[in-house]
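Novice: This is start.cif, which holds mmCIF, C-alpha atoms:
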```
data_final
loop_
_atom_site.group_PDB
_atom_site.id
_atom_site.type_symbol
_atom_site.label_atom_id
_atom_site.label_comp_id
_atom_site.auth_asym_id
_atom_site.auth_seq_id
_atom_site.Cartn_x
_atom_site.Cartn_y
_atom_site.Cartn_z
ATOM 1 C CA MET R 1 -39.618 -61.886 -34.995
ATOM 2 C CA ILE R 2 -40.546 -58.262 -35.661
ATOM 3 C CA LYS R 3 -43.481 -57.467 -37.909
ATOM 4 C CA HIS R 4 -43.208 -54.807 -40.573
ATOM 5 C CA SER R 5 -45.254 -51.858 -41.768
ATOM 6 C CA GLN R 6 -46.731 -51.289 -45.196
ATOM 7 C CA SER R 7 -45.638 -48.913 -47.956
ATOM 8 C CA ARG R 8 -47.057 -47.724 -51.256
ATOM 9 C CA TRP R 9 -44.618 -49.731 -53.401
ATOM 10 C CA THR R 10 -45.810 -52.838 -55.203
ATOM 11 C CA ILE R 11 -43.662 -55.914 -55.622
ATOM 12 C CA PRO R 12 -43.126 -57.319 -59.161
ATOM 13 C CA ALA R 13 -41.594 -54.260 -60.856
ATOM 14 C CA THR R 14 -39.244 -53.634 -57.951
ATOM 15 C CA ALA R 15 -38.151 -57.284 -57.964
ATOM 16 C CA ALA R 16 -37.355 -57.091 -61.656
ATOM 17 C CA LEU R 17 -35.296 -53.926 -61.151
ATOM 18 C CA LEU R 18 -33.274 -55.420 -58.323
ATOM 19 C CA ALA R 19 -32.666 -58.629 -60.250
ATOM 20 C CA SER R 20 -30.826 -56.571 -62.853
ATOM 21 C CA MET R 21 -28.687 -54.804 -60.232
ATOM 22 C CA CYS R 22 -27.277 -57.642 -58.100
ATOM 23 C CA TRP R 23 -23.636 -57.340 -57.117
ATOM 24 C CA SER R 24 -21.403 -58.499 -54.272
ATOM 25 C CA SER R 25 -19.230 -56.038 -52.369
ATOM 26 C CA VAL R 26 -17.211 -58.654 -50.470
ATOM 27 C CA ALA R 27 -15.816 -61.801 -52.068
ATOM 28 C CA LEU R 28 -17.175 -65.099 -50.841
ATOM 29 C CA ASN R 29 -14.765 -66.533 -48.310
ATOM 30 C CA ALA R 30 -13.222 -69.448 -50.219
ATOM 31 C CA GLN R 31 -16.677 -70.671 -51.235
ATOM 32 C CA GLU R 32 -17.752 -71.635 -54.719
ATOM 33 C CA THR R 33 -21.458 -71.154 -54.003
ATOM 34 C CA ILE R 34 -23.357 -68.779 -51.779
ATOM 35 C CA PRO R 35 -24.769 -70.479 -48.649
ATOM 36 C CA ILE R 36 -28.563 -70.726 -48.521
ATOM 37 C CA TYR R 37 -29.717 -71.237 -44.963
ATOM 38 C CA ALA R 38 -32.943 -72.994 -43.881
ATOM 39 C CA CYS R 39 -33.890 -71.406 -40.569
ATOM 40 C CA VAL R 40 -36.227 -73.433 -38.348
ATOM 41 C CA SER R 41 -35.728 -76.547 -40.373
ATOM 42 C CA ILE R 42 -36.142 -80.326 -40.055
ATOM 43 C CA PRO R 43 -37.279 -81.208 -36.524
ATOM 44 C CA ALA R 44 -35.428 -83.624 -34.296
ATOM 45 C CA GLY R 45 -36.711 -87.154 -33.913
ATOM 46 C CA ALA R 46 -38.374 -89.309 -36.532
ATOM 47 C CA ASP R 47 -37.941 -86.716 -39.307
ATOM 48 C CA SER R 48 -34.216 -86.319 -38.767
ATOM 49 C CA THR R 49 -33.333 -88.649 -41.643
ATOM 50 C CA VAL R 50 -31.112 -88.707 -44.701
ATOM 51 C CA ALA R 51 -34.192 -88.571 -46.945
ATOM 52 C CA ARG R 52 -35.450 -85.393 -45.268
ATOM 53 C CA TYR R 53 -32.065 -83.696 -45.607
ATOM 54 C CA GLN R 54 -31.901 -84.772 -49.242
ATOM 55 C CA GLU R 55 -35.295 -83.112 -49.709
ATOM 56 C CA LEU R 56 -33.896 -79.974 -48.077
ATOM 57 C CA ALA R 57 -30.895 -80.025 -50.416
ATOM 58 C CA ALA R 58 -33.185 -80.554 -53.416
ATOM 59 C CA ALA R 59 -34.921 -77.289 -52.510
ATOM 60 C CA GLY R 60 -31.569 -75.510 -52.849
ATOM 61 C CA PHE R 61 -30.563 -75.220 -49.208
ATOM 62 C CA THR R 62 -26.953 -75.806 -48.238
ATOM 63 C CA THR R 63 -27.136 -75.321 -44.481
ATOM 64 C CA SER R 64 -29.762 -75.670 -41.768
ATOM 65 C CA LEU R 65 -30.822 -74.683 -38.257
ATOM 66 C CA SER R 66 -33.237 -76.650 -36.103
ATOM 67 C CA GLY R 67 -33.909 -76.703 -32.385
ATOM 68 C CA TYR R 68 -32.657 -79.855 -30.688
ATOM 69 C CA GLY R 69 -33.583 -81.054 -27.220
ATOM 70 C CA ASN R 70 -30.145 -82.500 -26.500
ATOM 71 C CA ILE R 71 -26.748 -83.195 -28.010
ATOM 72 C CA ALA R 72 -27.721 -86.775 -28.918
ATOM 73 C CA GLN R 73 -30.357 -85.407 -31.320
ATOM 74 C CA VAL R 74 -27.776 -83.045 -32.805
ATOM 75 C CA LEU R 75 -25.409 -85.931 -33.543
ATOM 76 C CA VAL R 76 -28.165 -87.885 -35.332
ATOM 77 C CA ALA R 77 -28.989 -84.838 -37.448
ATOM 78 C CA LEU R 78 -25.321 -84.183 -38.274
ATOM 79 C CA ASP R 79 -24.923 -87.722 -39.620
ATOM 80 C CA ALA R 80 -28.075 -87.432 -41.729
ATOM 81 C CA ALA R 81 -27.090 -84.009 -43.023
ATOM 82 C CA GLN R 82 -23.608 -85.205 -43.947
ATOM 83 C CA ALA R 83 -25.063 -88.007 -46.067
ATOM 84 C CA ALA R 84 -27.179 -85.412 -47.921
ATOM 85 C CA GLY R 85 -24.375 -82.892 -48.391
ATOM 86 C CA VAL R 86 -25.904 -80.317 -46.022
ATOM 87 C CA THR R 87 -24.389 -78.649 -42.955
ATOM 88 C CA ILE R 88 -25.982 -77.844 -39.594
ATOM 89 C CA TRP R 89 -25.747 -75.034 -37.053
ATOM 90 C CA VAL R 90 -25.720 -76.556 -33.589
ATOM 91 C CA PHE R 91 -28.375 -75.264 -31.193
ATOM 92 C CA CYS R 92 -29.190 -77.274 -28.062
ATOM 93 C CA PRO R 93 -29.359 -76.657 -24.293
ATOM 94 C CA GLU R 94 -25.952 -78.213 -23.653
ATOM 95 C CA LEU R 95 -24.250 -75.644 -25.878
ATOM 96 C CA GLU R 96 -24.982 -73.123 -23.116
ATOM 97 C CA SER R 97 -24.896 -75.357 -20.038
ATOM 98 C CA ASP R 98 -21.797 -77.400 -20.963
ATOM 99 C CA PRO R 99 -20.079 -75.830 -23.982
ATOM 100 C CA GLY R 100 -16.855 -77.767 -23.435
ATOM 101 C CA LEU R 101 -18.475 -81.174 -23.714
ATOM 102 C CA THR R 102 -20.808 -80.106 -26.525
ATOM 103 C CA VAL R 103 -18.100 -78.594 -28.692
ATOM 104 C CA SER R 104 -15.839 -81.598 -28.155
ATOM 105 C CA LYS R 105 -18.560 -83.894 -29.516
ATOM 106 C CA VAL R 106 -19.304 -81.916 -32.680
ATOM 107 C CA LYS R 107 -16.312 -79.800 -33.697
ATOM 108 C CA ASN R 108 -14.744 -82.471 -35.896
ATOM 109 C CA HIS R 109 -17.959 -83.512 -37.613
ATOM 110 C CA PRO R 110 -17.864 -82.808 -41.378
ATOM 111 C CA ALA R 111 -21.455 -81.525 -41.361
ATOM 112 C CA LEU R 112 -20.902 -78.887 -38.686
ATOM 113 C CA ALA R 113 -21.429 -75.333 -39.974
ATOM 114 C CA GLY R 114 -21.123 -73.513 -36.661
ATOM 115 C CA TYR R 115 -22.865 -72.639 -33.416
ATOM 116 C CA HIS R 116 -26.179 -70.787 -33.129
ATOM 117 C CA ILE R 117 -26.074 -68.600 -30.022
ATOM 118 C CA ILE R 118 -29.285 -66.537 -29.931
ATOM 119 C CA ASP R 119 -31.965 -64.891 -32.077
ATOM 120 C CA GLU R 120 -32.802 -61.163 -31.864
ATOM 121 C CA PRO R 121 -31.089 -60.221 -28.583
ATOM 122 C CA SER R 122 -31.415 -56.892 -26.821
ATOM 123 C CA ALA R 123 -28.216 -54.882 -26.461
ATOM 124 C CA SER R 124 -28.387 -55.541 -22.726
ATOM 125 C CA LYS R 125 -27.378 -59.141 -23.488
ATOM 126 C CA PHE R 126 -24.359 -58.272 -25.623
ATOM 127 C CA PRO R 127 -21.718 -58.553 -22.850
ATOM 128 C CA GLN R 128 -23.047 -61.985 -21.793
ATOM 129 C CA LEU R 129 -23.163 -63.126 -25.416
ATOM 130 C CA ALA R 130 -19.593 -61.960 -25.936
ATOM 131 C CA ASP R 131 -18.460 -64.166 -23.058
ATOM 132 C CA ARG R 132 -20.296 -67.168 -24.517
ATOM 133 C CA VAL R 133 -18.814 -66.610 -27.952
ATOM 134 C CA ARG R 134 -15.267 -66.297 -26.589
ATOM 135 C CA THR R 135 -15.716 -69.508 -24.619
ATOM 136 C CA ILE R 136 -16.864 -71.455 -27.684
ATOM 137 C CA GLN R 137 -14.260 -69.914 -29.982
ATOM 138 C CA ALA R 138 -11.526 -70.899 -27.539
ATOM 139 C CA LEU R 139 -12.745 -74.491 -27.875
ATOM 140 C CA ASP R 140 -13.235 -74.376 -31.660
ATOM 141 C CA SER R 141 -11.557 -71.633 -33.655
ATOM 142 C CA VAL R 142 -12.643 -73.088 -37.010
ATOM 143 C CA HIS R 143 -16.446 -73.019 -36.905
ATOM 144 C CA PRO R 144 -18.097 -69.625 -36.335
ATOM 145 C CA CYS R 145 -20.645 -68.546 -33.770
ATOM 146 C CA TYR R 146 -23.845 -66.993 -35.115
ATOM 147 C CA VAL R 147 -26.192 -64.369 -33.669
ATOM 148 C CA ASN R 148 -29.182 -63.019 -35.589
ATOM 149 C CA LEU R 149 -30.052 -59.391 -34.850
ATOM 150 C CA LEU R 150 -33.276 -57.404 -34.657
ATOM 151 C CA PRO R 151 -34.511 -55.345 -37.632
ATOM 152 C CA ILE R 152 -34.700 -51.584 -37.774
ATOM 153 C CA ASN R 153 -38.376 -51.344 -36.818
ATOM 154 C CA ALA R 154 -37.868 -52.914 -33.407
ATOM 155 C CA ASN R 155 -38.646 -50.380 -30.700
ATOM 156 C CA THR R 156 -36.063 -48.955 -28.310
ATOM 157 C CA THR R 157 -37.179 -51.287 -25.525
ATOM 158 C CA GLN R 158 -36.544 -54.297 -27.734
ATOM 159 C CA LEU R 159 -33.260 -52.889 -28.990
ATOM 160 C CA GLY R 160 -32.015 -51.769 -25.585
ATOM 161 C CA THR R 161 -30.540 -48.670 -27.244
ATOM 162 C CA ASN R 162 -31.713 -45.226 -28.295
ATOM 163 C CA SER R 163 -31.345 -45.963 -32.002
ATOM 164 C CA TYR R 164 -30.835 -48.802 -34.443
ATOM 165 C CA GLN R 165 -27.432 -47.451 -35.467
ATOM 166 C CA GLU R 166 -26.338 -47.590 -31.823
ATOM 167 C CA TYR R 167 -27.666 -51.154 -31.556
ATOM 168 C CA ILE R 168 -25.619 -52.329 -34.549
ATOM 169 C CA ASP R 169 -22.498 -50.421 -33.505
ATOM 170 C CA ARG R 170 -22.612 -51.800 -29.976
ATOM 171 C CA PHE R 171 -23.019 -55.333 -31.279
ATOM 172 C CA VAL R 172 -20.062 -55.017 -33.665
ATOM 173 C CA ASN R 173 -17.879 -53.545 -30.923
ATOM 174 C CA THR R 174 -18.932 -56.041 -28.228
ATOM 175 C CA VAL R 175 -19.733 -59.486 -29.629
ATOM 176 C CA PRO R 176 -16.819 -61.130 -31.522
ATOM 177 C CA VAL R 177 -18.725 -63.037 -34.192
ATOM 178 C CA PRO R 178 -17.448 -62.995 -37.810
ATOM 179 C CA ILE R 179 -20.906 -62.478 -39.381
ATOM 180 C CA LEU R 180 -23.642 -59.827 -39.156
ATOM 181 C CA SER R 181 -27.126 -61.267 -39.603
ATOM 182 C CA PHE R 182 -30.534 -59.626 -39.319
ATOM 183 C CA ASP R 183 -34.090 -60.510 -40.323
ATOM 184 C CA HIS R 184 -36.401 -58.025 -42.009
ATOM 185 C CA TYR R 185 -39.432 -59.210 -44.009
ATOM 186 C CA PRO R 186 -40.459 -56.198 -46.098
ATOM 187 C CA THR R 187 -43.180 -57.847 -48.210
ATOM 188 C CA ALA R 188 -45.001 -59.654 -45.406
ATOM 189 C CA TRP R 189 -48.325 -58.009 -46.284
ATOM 190 C CA GLY R 190 -47.812 -57.871 -50.048
ATOM 191 C CA ILE R 191 -46.702 -54.229 -50.096
ATOM 192 C CA LEU R 192 -43.092 -53.139 -49.802
ATOM 193 C CA ASP R 193 -41.829 -51.786 -46.472
ATOM 194 C CA GLU R 194 -39.230 -49.271 -47.658
ATOM 195 C CA GLY R 195 -37.524 -49.323 -44.247
ATOM 196 C CA VAL R 196 -35.687 -52.459 -45.302
ATOM 197 C CA TYR R 197 -33.339 -50.340 -47.417
ATOM 198 C CA THR R 198 -32.311 -48.151 -44.487
ATOM 199 C CA ASN R 199 -31.801 -51.386 -42.567
ATOM 200 C CA LEU R 200 -29.608 -52.745 -45.358
ATOM 201 C CA GLU R 201 -27.639 -49.480 -45.578
ATOM 202 C CA ILE R 202 -26.806 -49.565 -41.869
ATOM 203 C CA VAL R 203 -25.917 -53.257 -41.606
ATOM 204 C CA SER R 204 -23.958 -53.478 -44.852
ATOM 205 C CA ALA R 205 -21.970 -50.335 -43.977
ATOM 206 C CA ALA R 206 -21.204 -51.707 -40.504
ATOM 207 C CA GLY R 207 -20.078 -54.982 -42.058
ATOM 208 C CA ARG R 208 -17.764 -53.243 -44.526
ATOM 209 C CA ALA R 209 -16.245 -51.096 -41.780
ATOM 210 C CA ALA R 210 -15.657 -54.140 -39.564
ATOM 211 C CA GLY R 211 -14.537 -56.436 -42.382
ATOM 212 C CA LYS R 212 -17.437 -58.802 -41.720
ATOM 213 C CA PRO R 213 -19.931 -60.149 -44.287
ATOM 214 C CA PHE R 214 -23.635 -59.726 -43.592
ATOM 215 C CA TRP R 215 -26.408 -62.279 -44.059
ATOM 216 C CA GLY R 216 -30.029 -61.475 -44.867
ATOM 217 C CA PHE R 217 -33.389 -63.242 -44.806
ATOM 218 C CA TYR R 218 -36.423 -63.842 -46.933
ATOM 219 C CA GLN R 219 -39.828 -64.898 -45.624
ATOM 220 C CA ALA R 220 -40.857 -68.367 -46.790
ATOM 221 C CA THR R 221 -43.641 -68.958 -44.248
ATOM 222 C CA LEU R 222 -46.649 -66.864 -43.214
ATOM 223 C CA TYR R 223 -46.467 -66.033 -39.523
ATOM 224 C CA ALA R 224 -49.645 -63.945 -39.090
ATOM 225 C CA ALA R 225 -53.268 -64.640 -39.934
ATOM 226 C CA ASP R 226 -53.698 -61.507 -42.068
ATOM 227 C CA GLN R 227 -50.751 -62.121 -44.391
ATOM 228 C CA PRO R 228 -51.521 -62.977 -48.028
ATOM 229 C CA SER R 229 -49.929 -66.016 -49.657
ATOM 230 C CA ARG R 230 -46.329 -65.569 -50.700
ATOM 231 C CA THR R 231 -45.447 -65.025 -54.353
ATOM 232 C CA LEU R 232 -42.274 -65.729 -56.298
ATOM 233 C CA ALA R 233 -41.933 -61.989 -56.987
ATOM 234 C CA GLU R 234 -41.927 -61.251 -53.256
ATOM 235 C CA LEU R 235 -39.294 -63.890 -52.539
ATOM 236 C CA ARG R 236 -37.159 -62.528 -55.370
ATOM 237 C CA LEU R 237 -37.495 -58.979 -54.095
ATOM 238 C CA GLU R 238 -36.396 -59.933 -50.596
ATOM 239 C CA CYS R 239 -33.477 -62.070 -51.841
ATOM 240 C CA PHE R 240 -32.250 -59.628 -54.479
ATOM 241 C CA SER R 241 -32.502 -56.649 -52.113
ATOM 242 C CA ASN R 242 -30.063 -58.421 -49.805
ATOM 243 C CA LEU R 243 -27.768 -59.378 -52.681
ATOM 244 C CA VAL R 244 -27.695 -55.820 -54.044
ATOM 245 C CA TYR R 245 -26.210 -54.701 -50.732
ATOM 246 C CA GLY R 246 -23.605 -57.492 -50.757
ATOM 247 C CA ALA R 247 -25.186 -60.242 -48.639
ATOM 248 C CA GLN R 248 -22.980 -63.347 -48.496
ATOM 249 C CA CYS R 249 -25.712 -65.743 -47.356
ATOM 250 C CA ILE R 250 -29.456 -65.852 -47.956
ATOM 251 C CA GLN R 251 -31.607 -67.276 -45.152
ATOM 252 C CA ALA R 252 -35.202 -68.485 -45.319
ATOM 253 C CA TYR R 253 -37.638 -68.198 -42.431
ATOM 254 C CA THR R 254 -38.931 -70.876 -42.067
ATOM 255 C CA TYR R 255 -38.486 -74.185 -43.887
ATOM 256 C CA TRP R 256 -40.712 -76.358 -41.686
ATOM 257 C CA ALA R 257 -43.971 -75.250 -40.020
ATOM 258 C CA THR R 258 -43.105 -75.316 -36.332
ATOM 259 C CA PHE R 259 -45.015 -72.567 -34.551
ATOM 260 C CA ALA R 260 -48.775 -72.415 -33.961
ATOM 261 C CA ASP R 261 -49.385 -69.518 -36.382
ATOM 262 C CA ASP R 262 -47.235 -70.872 -39.222
ATOM 263 C CA ARG R 263 -49.014 -71.210 -42.579
ATOM 264 C CA ASP R 264 -47.823 -72.183 -46.040
ATOM 265 C CA ALA R 265 -44.355 -73.250 -44.922
ATOM 266 C CA PRO R 266 -42.459 -75.190 -47.607
ATOM 267 C CA ILE R 267 -42.960 -78.253 -45.385
ATOM 268 C CA ASP R 268 -46.129 -78.196 -43.303
ATOM 269 C CA ALA R 269 -46.586 -79.414 -39.728
ATOM 270 C CA GLN R 270 -47.491 -82.883 -41.022
ATOM 271 C CA GLY R 271 -44.246 -83.095 -42.982
ATOM 272 C CA GLN R 272 -45.865 -82.613 -46.402
ATOM 273 C CA ARG R 273 -44.609 -80.336 -49.158
ATOM 274 C CA THR R 274 -46.729 -77.282 -49.970
ATOM 275 C CA VAL R 275 -46.786 -74.926 -52.954
ATOM 276 C CA SER R 276 -44.196 -72.853 -51.077
ATOM 277 C CA TYR R 277 -41.660 -75.653 -51.476
ATOM 278 C CA GLU R 278 -41.535 -75.057 -55.227
ATOM 279 C CA LEU R 279 -41.371 -71.275 -54.719
ATOM 280 C CA VAL R 280 -38.345 -71.458 -52.443
ATOM 281 C CA LYS R 281 -36.750 -74.042 -54.720
ATOM 282 C CA SER R 282 -37.072 -71.635 -57.645
ATOM 283 C CA VAL R 283 -35.696 -68.579 -55.857
ATOM 284 C CA ASN R 284 -32.886 -70.571 -54.238
ATOM 285 C CA ARG R 285 -31.753 -71.732 -57.668
ATOM 286 C CA GLU R 286 -31.752 -68.149 -58.903
ATOM 287 C CA VAL R 287 -29.677 -67.020 -55.926
ATOM 288 C CA ALA R 288 -27.231 -69.895 -56.385
ATOM 289 C CA SER R 289 -26.797 -68.967 -60.044
ATOM 290 C CA LEU R 290 -25.499 -65.537 -58.938
ATOM 291 C CA SER R 291 -22.750 -66.966 -56.714
ATOM 292 C CA ARG R 292 -20.021 -66.124 -59.190
#
```
Using structure tokens, write down the structure from this file.
Specialist:
Amino acid sequence: MIKHSQSRWTIPATAALLASMCWSSVALNAQETIPIYACVSIPAGADSTVARYQELAAAGFTTSLSGYGNIAQVLVALDAAQAAGVTIWVFCPELESDPGLTVSKVKNHPALAGYHIIDEPSASKFPQLADRVRTIQALDSVHPCYVNLLPINANTTQLGTNSYQEYIDRFVNTVPVPILSFDHYPTAWGILDEGVYTNLEIVSAAGRAAGKPFWGFYQATLYAADQPSRTLAELRLECFSNLVYGAQCIQAYTYWATFADDRDAPIDAQGQRTVSYELVKSVNREVASLSR
């Protein structure tokens, strides 16, 4: 996760402007509603229940990613998610160590959304990732593989390229996934980071040229001690900025407090709802209402 710099722009007026501008440059692929993705979601184990996935759905999420320790935990979560009408992106050690067995166990499950490969890779990993994606796609040509990319303010060491444009171009030309996804949180400190719009220009243009939709993020959880509490205006600004540039999925980071520095996640580390739950529920409903 890459942190973002501050800018002079304030949030509410910009959010209102963007809300009036939303459009979609690429038609949703045979979907009636835009997917809303809970990233770092319901943990495996005792919380992997139908009731928890129903709670996730009630907050407006349609699909979910959690880390699972093994394929058995994935199968439990898939059954619970199916009962709640939610789908899951598979992410477990066996997906890398034994993709053939893993894919065979999940590819026909109704709640399978696809396969999560990696988050924020350097360009040096692109050839290896391409091999992994081809292996999985040969086993399951229906459900997509997913890679989430770095934002524009990552440094050249993190990117593994001399520029962000080169990073995106190399990914598109190397890794055969059908989706471009990146995470940029431009209101993390309550003041707009204008760099998000250059980021959106580059990724959306690359997606149009390649015939691939792009997916964007909004920040639902505080991940640094000096970040102010999230506001509905900030969530709207991040969501609507993505939609203005044609995003075909909105992703929230995170749904469940998982990491040591997480604060104000919609669901806290004890499994209790916070005020953020109602914020994400509100903005998710607004995004869903724009699906048409």
Novice: Quick one: everything within 6 Å of Val40 in chain R, counting only C-alpha atoms, minus sequence neighbours fewer than 6 positions away in the same chain. Send it as a PyMOL selection string.
Specialist: chain R and resi 65-66+254
Novice: I would like the residues chosen by the PyMOL selection byres ((chain R and resi 261) around 12) on the shown file; could you give them as a list in words?
Specialist: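 In the shown coordinates, the PyMOL selection byres ((chain R and resi 261) around 12) covers Thr221, Leu222, Tyr223, Ala224, Ala225, Asp226, Gln227, Thr254, Ala257, Thr258, Phe259, Ala260, Asp262, Arg263, Asp264, Ala265, Asp268 and Ala269 of chain R.
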Novice: As a check of understanding, name the residues that the PyMOL selection byres ((chain R and resi 177) around 10) selects in the supplied structure, as a count of residues only.
Specialist: 18
Novice: Select, from R:Ala206, R:Val275, R:Ile71, R:Thr187, the residue with the minimum atom-to-atom distance to Lys105 in chain R, counting only C-alpha atoms.
Specialist: R:Ile71
Novice: Selected by the PyMOL selection byres ((chain R and resi 151) around 8) in the shown coordinates: which residues, as a list of chain:residue names?
Specialist: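 Selected by the PyMOL selection byres ((chain R and resi 151) around 8) in this file: R:Ile2, R:Leu149, R:Leu150, R:Ile152, R:Asn153, R:Ala154, R:Phe182, R:Asp183, R:His184, R:Asn199.
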Novice: Using CA of Ala188 in chain R and CA of Asn162 in chain R as the two end points, give the distance in Å to one decimal.
Specialist: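 Going from CA of Ala188 in chain R over to CA of Asn162 in chain R covers 26.0 Å.
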Novice: Measuring atom to atom with all atoms listed in the file, identify which of R:Asn242, R:Thr63, R:Asn148, R:Thr161 is nearest to Ile118 in chain R.
Specialist: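 Closest to Ile118 in chain R, using all atoms listed in the file: R:Asn148.
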Novice: Tell me which of R:Phe240, R:Phe61, R:Tyr197, R:Tyr167 sits closest to Tyr277 in chain R, counting only C-alpha atoms.
Specialist: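 Distance minimum relative to Tyr277 in chain R lands on R:Phe61.
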Novice: Tell me, in Å to one decimal, how far CA of Cys39 in chain R is from CA of Ser124 in chain R.
Specialist: 24.5 Å
Novice: Interatomic distance between CA of Tyr253 in chain R and CA of Tyr37 in chain R?
Specialist: 8.9 Å
Novice: Give the answer as one residue: which of R:Tyr255, R:Val103, R:Leu95, R:Tyr218 has the shortest atom-to-atom distance to Tyr53 in chain R, using only C-alpha atoms?
Specialist: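 For Tyr53 in chain R, the nearest of the given residues is R:Tyr255.
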Novice: Looking at all atoms listed in the file, which of R:Ala57, R:Val50, R:Arg208, R:Ala111 is the one that sits closest to Leu75 in chain R?
Specialist: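 Among the listed residues, R:Ala111 lies closest to Leu75 in chain R.
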Novice: Could you tell me which of R:Gln272, R:Gln128, R:Gln54, R:Gln248 comes closest to Val287 in chain R if we count all atoms listed in the file?
Specialist: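 The closest residue to Val287 in chain R is R:Gln248.
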Novice: Please write out, as JSON, where the centre of an axis-aligned box around all listed atoms of range 227-237 of chain R lies and how long its edges are, in Å to one decimal, after adding 5 Å on each side.
Specialist:
```
{"center_x": -44.3, "center_y": -62.5, "center_z": -50.7, "size_x": 24.4, "size_y": 17.0, "size_z": 22.6}
```
